[in-house]
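Chemist: If you scroll down you'll find the structure; I have some questions about it.
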Amino acid sequence: MFFSTDHGSAIDKNKVWSRTISETYFPLSVECRDATRFRGSLKSWGLGVMGLSEMECDGVMYRRNKSHFQEEKDNSLLITIPHVAEVRFHQASRHTRCAPGGFLVEQGDMPYEFSHSQRNKLWVLKVPTASVQSRVGPTERLSALTFDARSGIGSYFVGAVRNTIESIDVINDAAREMAGQHLLDLLCLSMRSDDRILDSSVSTIRAAHLQRAEQFIRDNLSNPNLGPQMVAESCGISLRYLQGLFAENECSVAGYIRDRRLTRCRETLEMVHDTSTMAQIAQKWGFYDQAQFCKHYRAKFGCTPTETRKQRRSAACARPDM
């Protein structure tokens with residue numbers, strides 16, 4: 001999709017830009033710094049479970065209020081990569097600035113304010129919250145954090161975003177879906193390489209043990225032998241102690257493993273061009289009983305795996321070419 005305010009003459013810039021941004025990401029209110037002279041353009045593409053966009057616009061303020069997401073069921077994160085000037089972000093009690101050379105995480109299910117005072121160019125990824133949670137754990141700790149994109153994995157991630165945008169018009173839909181999965185994995189890997197993610201919210205030995213156990217599970221979901229005993233041994237703790245850690249969070253080890261596996265199955269089912277059978281998808285993520293897989297899937301998502309695939313493909317057919 002491509003949109004530019006240059007296509008209209010005497011239009012309400014606040015209104016038309018707000019509608020464009022809301023349709024691309026999620027509902028937001030917009031306040032252009034100079035509504036009479038405001039100029040903006042936006043390109044967006046679908047990459048399987050995630051969206052990618054490139055926008056250039058003059059100074060603007062975006063506000064996400066409770067009324068914007070009260071009816072939403074599927075939460076998302078926005079990952080913003082500025083190129084020309086810094087952006088400012090405020091969410092909960094966190095105030096941050098992100099300059100070119102970094103990227104910023106915005107949590108879609110909480111109110112926030114996002115702004116830049118001068119003309120800017122941004123790359124933005126819209127990523128399902130559940131997909132990030134299945135790889136790095138709770139996303140609340142990510143809100144309003146900025147990450148270095150000048151070196152290491154962060155630089156590699158942003159380079160991959162650049163390569164995707166440069167190649168997007170010459171790759172087919174199946175390749176775009178695979179590119180989306182690649183960017184998602186690189187994004188999560190770059191966030192996990194930051195010491196703040198490892199240390200945040202860990203104030204006790206028990207909390208540290210729990211975090212390590214959860215990360216071991218997320219890293220080994222495709223291992224058919226993954227189970228409570230393997231997790232306990234990998235963390236150097238007893239099985240009873242491990243079970244107690246999860247019980248404190250009103251969850252079982254097996255239940256935690258199952259829910260993360262179900263999320264990864266759903267990701268695959270939502271890839272329109274994936275040709276894997278239901279059995280292959282289930283087995284890839286550790287489910288060897290088809291009936292039990294379908295039962296747990298329906299309990300978590302309110303529909304069957306087949307219905308998820310049909311709904312996604314129907315929506316793709318009804319959507320105009322990006």
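Ordered as shown in the structure tokens, chains take letters A, B, and onward, while each chain numbers its residues from 1 and ligands are numbered from 1 in the order shown.
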Identify, on the basis of only C-alpha atoms, every residue whose closest approach to Leu245 (chain A) does not exceed 8 Å; exclude the query and any residue fewer than 3 positions from it along the same chain; express the result as a ChimeraX atom specification.
Modeler: /A:206,210,241-242,248-249
Chemist: Leaving out Arg150 (chain A) and any residue of its chain fewer than 3 positions from it, which residues lie within 8 Å of it when counting only C-alpha atoms, given as number ranges by chain?
Modeler: A: 101-102, 154-155
Chemist: Write out the residues from the selection above, keeping all heavy atoms, as a PDB file, in the first residue's frame.
Modeler:
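See part.pdb below for the written result:
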ATOM      1  N   GLY A 101      20.184   5.236  14.641  1.00  0.00           N
ATOM      2  CA  GLY A 101      21.192   4.329  15.181  1.00  0.00           C
ATOM      3  C   GLY A 101      20.639   3.443  16.266  1.00  0.00           C
ATOM      4  O   GLY A 101      21.366   2.641  16.863  1.00  0.00           O
ATOM      5  N   GLY A 102      19.342   3.564  16.525  1.00  0.00           N
ATOM      6  CA  GLY A 102      18.694   2.724  17.527  1.00  0.00           C
ATOM      7  C   GLY A 102      17.306   2.346  17.066  1.00  0.00           C
ATOM      8  O   GLY A 102      16.845   2.775  16.011  1.00  0.00           O
ATOM      9  N   GLY A 154      21.850  -6.072  16.884  1.00  0.00           N
ATOM     10  CA  GLY A 154      20.939  -4.972  16.567  1.00  0.00           C
ATOM     11  C   GLY A 154      21.207  -4.396  15.195  1.00  0.00           C
ATOM     12  O   GLY A 154      20.289  -4.101  14.429  1.00  0.00           O
ATOM     13  N   SER A 155      22.489  -4.244  14.858  1.00  0.00           N
ATOM     14  CA  SER A 155      22.863  -3.749  13.533  1.00  0.00           C
ATOM     15  C   SER A 155      22.472  -4.744  12.448  1.00  0.00           C
ATOM     16  O   SER A 155      21.993  -4.357  11.369  1.00  0.00           O
ATOM     17  CB  SER A 155      24.375  -3.490  13.498  1.00  0.00           C
ATOM     18  OG  SER A 155      24.793  -3.102  12.206  1.00  0.00           O
TER      19      SER A 155
END
Chemist: Restricting the calculation to only C-alpha atoms: of A:Ala85, A:Met50, A:Arg19, A:His296, which residue gets closest to Ala179 (chain A)?
Modeler: A:Met50
Chemist: Would you mind listing what lies within 12 Å of Phe216 (chain A) as a short mmCIF file (atom, residue, chain, number, x, y, z; two decimals) with C-alpha atoms, in the first residue's frame, with only C-alpha atoms counted and same-chain residues fewer than 3 positions away left out?
Modeler:
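Listed below is the output, out_36.cif:
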data_model
loop_
_atom_site.label_atom_id
_atom_site.label_comp_id
_atom_site.auth_asym_id
_atom_site.auth_seq_id
_atom_site.Cartn_x
_atom_site.Cartn_y
_atom_site.Cartn_z
CA SER A 134 6.92 -16.93 22.91
CA ARG A 135 10.57 -16.00 22.23
CA VAL A 136 11.62 -13.56 24.98
CA GLY A 137 8.95 -13.74 27.68
CA HIS A 209 15.71 -19.39 38.35
CA LEU A 210 12.21 -18.97 36.91
CA GLN A 211 13.41 -16.63 34.18
CA ARG A 212 16.18 -19.01 33.15
CA ALA A 213 13.74 -21.93 33.10
CA ASP A 219 14.59 -21.87 23.16
CA ASN A 220 13.76 -25.59 22.98
CA LEU A 221 10.08 -25.78 22.00
CA SER A 222 10.83 -27.89 18.93
CA ASN A 223 12.71 -30.49 20.98
CA LEU A 226 11.37 -31.14 26.23
CA GLY A 227 9.67 -31.68 29.57
CA PRO A 228 9.84 -30.65 33.24
CA MET A 230 14.88 -31.67 31.17
CA VAL A 231 14.16 -28.08 32.19
CA ALA A 232 15.07 -28.76 35.82
CA GLU A 233 18.34 -30.45 34.86
CA SER A 234 19.31 -27.66 32.46
CA CYS A 235 18.85 -25.08 35.23
CA GLY A 236 20.59 -27.15 37.90
CA VAL A 253 5.64 -26.41 33.69
CA TYR A 256 3.70 -23.27 30.05
CA ILE A 257 5.41 -25.48 27.46
CA ARG A 260 4.18 -21.56 23.94
#
Chemist: Hey, can you check how far CA of Lys284 (chain A) sits from CA of Thr306 (chain A)?
Modeler: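 Here the two named atoms are 16.5 Å from each other.
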Chemist: Skip Asp74 (chain A) itself and residues of its chain fewer than 4 positions away, then list as an mmCIF file with N, CA, C and O atoms, in the first residue's frame all residues within 9 Å of it, counting only C-alpha atoms.
Modeler:
data_model
loop_
_atom_site.group_PDB
_atom_site.id
_atom_site.type_symbol
_atom_site.label_atom_id
_atom_site.label_comp_id
_atom_site.auth_asym_id
_atom_site.auth_seq_id
_atom_site.Cartn_x
_atom_site.Cartn_y
_atom_site.Cartn_z
ATOM 1 N N PRO A 128 3.054 -9.191 16.386
ATOM 2 C CA PRO A 128 2.132 -9.724 17.396
ATOM 3 C C PRO A 128 2.831 -9.886 18.743
ATOM 4 O O PRO A 128 3.934 -10.448 18.826
ATOM 5 N N THR A 129 2.206 -9.394 19.795
ATOM 6 C CA THR A 129 2.781 -9.506 21.131
ATOM 7 C C THR A 129 3.034 -10.965 21.501
ATOM 8 O O THR A 129 4.076 -11.297 22.077
ATOM 9 N N ALA A 130 2.094 -11.840 21.152
ATOM 10 C CA ALA A 130 2.235 -13.254 21.503
ATOM 11 C C ALA A 130 3.469 -13.873 20.868
ATOM 12 O O ALA A 130 4.124 -14.733 21.463
#
Chemist: Extract the full set of strand (DSSP E) residues from region 71-306 of chain A according to DSSP on the backbone, and format it as an MDAnalysis selection string.
Modeler: chainID A and resid 76:82 87:91 94:98 102:107 112:116 120:128 146:148
Chemist: Just to be explicit: take each residue in the selection above, keep C-alpha atoms, and write the result as a PDB file, in the first residue's frame.
Modeler:
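After the write, result_3.pdb holds the following:
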ATOM      1  CA  SER A  76       0.799  -5.881  18.997  1.00  0.00           C
ATOM      2  CA  LEU A  77       4.123  -4.163  19.509  1.00  0.00           C
ATOM      3  CA  LEU A  78       5.490  -1.464  17.230  1.00  0.00           C
ATOM      4  CA  ILE A  79       9.224  -1.423  16.571  1.00  0.00           C
ATOM      5  CA  THR A  80      10.291   2.012  15.291  1.00  0.00           C
ATOM      6  CA  ILE A  81      13.627   2.697  13.579  1.00  0.00           C
ATOM      7  CA  PRO A  82      14.242   6.456  13.036  1.00  0.00           C
ATOM      8  CA  VAL A  87      11.710  10.496  18.301  1.00  0.00           C
ATOM      9  CA  ARG A  88      10.234  10.956  21.773  1.00  0.00           C
ATOM     10  CA  PHE A  89       8.111   8.374  23.531  1.00  0.00           C
ATOM     11  CA  HIS A  90       6.153   8.278  26.774  1.00  0.00           C
ATOM     12  CA  GLN A  91       4.410   5.169  28.106  1.00  0.00           C
ATOM     13  CA  ARG A  94       8.814   5.846  31.144  1.00  0.00           C
ATOM     14  CA  HIS A  95      10.047   8.742  29.037  1.00  0.00           C
ATOM     15  CA  THR A  96      12.606   7.993  26.368  1.00  0.00           C
ATOM     16  CA  ARG A  97      14.210   9.331  23.224  1.00  0.00           C
ATOM     17  CA  CYS A  98      15.459   7.265  20.304  1.00  0.00           C
ATOM     18  CA  GLY A 102      18.694   2.724  17.527  1.00  0.00           C
ATOM     19  CA  PHE A 103      15.206   1.264  17.606  1.00  0.00           C
ATOM     20  CA  LEU A 104      12.312   1.715  20.005  1.00  0.00           C
ATOM     21  CA  VAL A 105       9.688  -0.696  21.355  1.00  0.00           C
ATOM     22  CA  GLU A 106       6.099   0.530  21.807  1.00  0.00           C
ATOM     23  CA  GLN A 107       3.468  -1.564  23.561  1.00  0.00           C
ATOM     24  CA  TYR A 112       1.278   6.275  25.026  1.00  0.00           C
ATOM     25  CA  GLU A 113       2.502   9.413  23.288  1.00  0.00           C
ATOM     26  CA  PHE A 114       4.934   9.332  20.372  1.00  0.00           C
ATOM     27  CA  SER A 115       6.287  12.403  18.594  1.00  0.00           C
ATOM     28  CA  HIS A 116       9.015  13.967  16.488  1.00  0.00           C
ATOM     29  CA  ASN A 120      11.606  12.354   9.785  1.00  0.00           C
ATOM     30  CA  LYS A 121      11.887   9.019   8.036  1.00  0.00           C
ATOM     31  CA  LEU A 122      10.862   5.928   9.997  1.00  0.00           C
ATOM     32  CA  TRP A 123      10.762   2.189   9.461  1.00  0.00           C
ATOM     33  CA  VAL A 124       8.094   0.549  11.594  1.00  0.00           C
ATOM     34  CA  LEU A 125       7.366  -3.116  12.228  1.00  0.00           C
ATOM     35  CA  LYS A 126       4.055  -4.242  13.692  1.00  0.00           C
ATOM     36  CA  VAL A 127       4.653  -7.508  15.541  1.00  0.00           C
ATOM     37  CA  PRO A 128       2.132  -9.724  17.396  1.00  0.00           C
ATOM     38  CA  THR A 146      15.537   1.730  23.076  1.00  0.00           C
ATOM     39  CA  PHE A 147      18.085  -0.687  21.639  1.00  0.00           C
ATOM     40  CA  ASP A 148      21.426  -0.057  19.952  1.00  0.00           C
TER      41      ASP A 148
END
Chemist: Find the distance between CA of Asp58 (chain A) and CA of Cys32 (chain A) and write it in Å to one decimal.
Modeler: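 Separating CA of Asp58 (chain A) from CA of Cys32 (chain A) is a distance of 7.7 Å.
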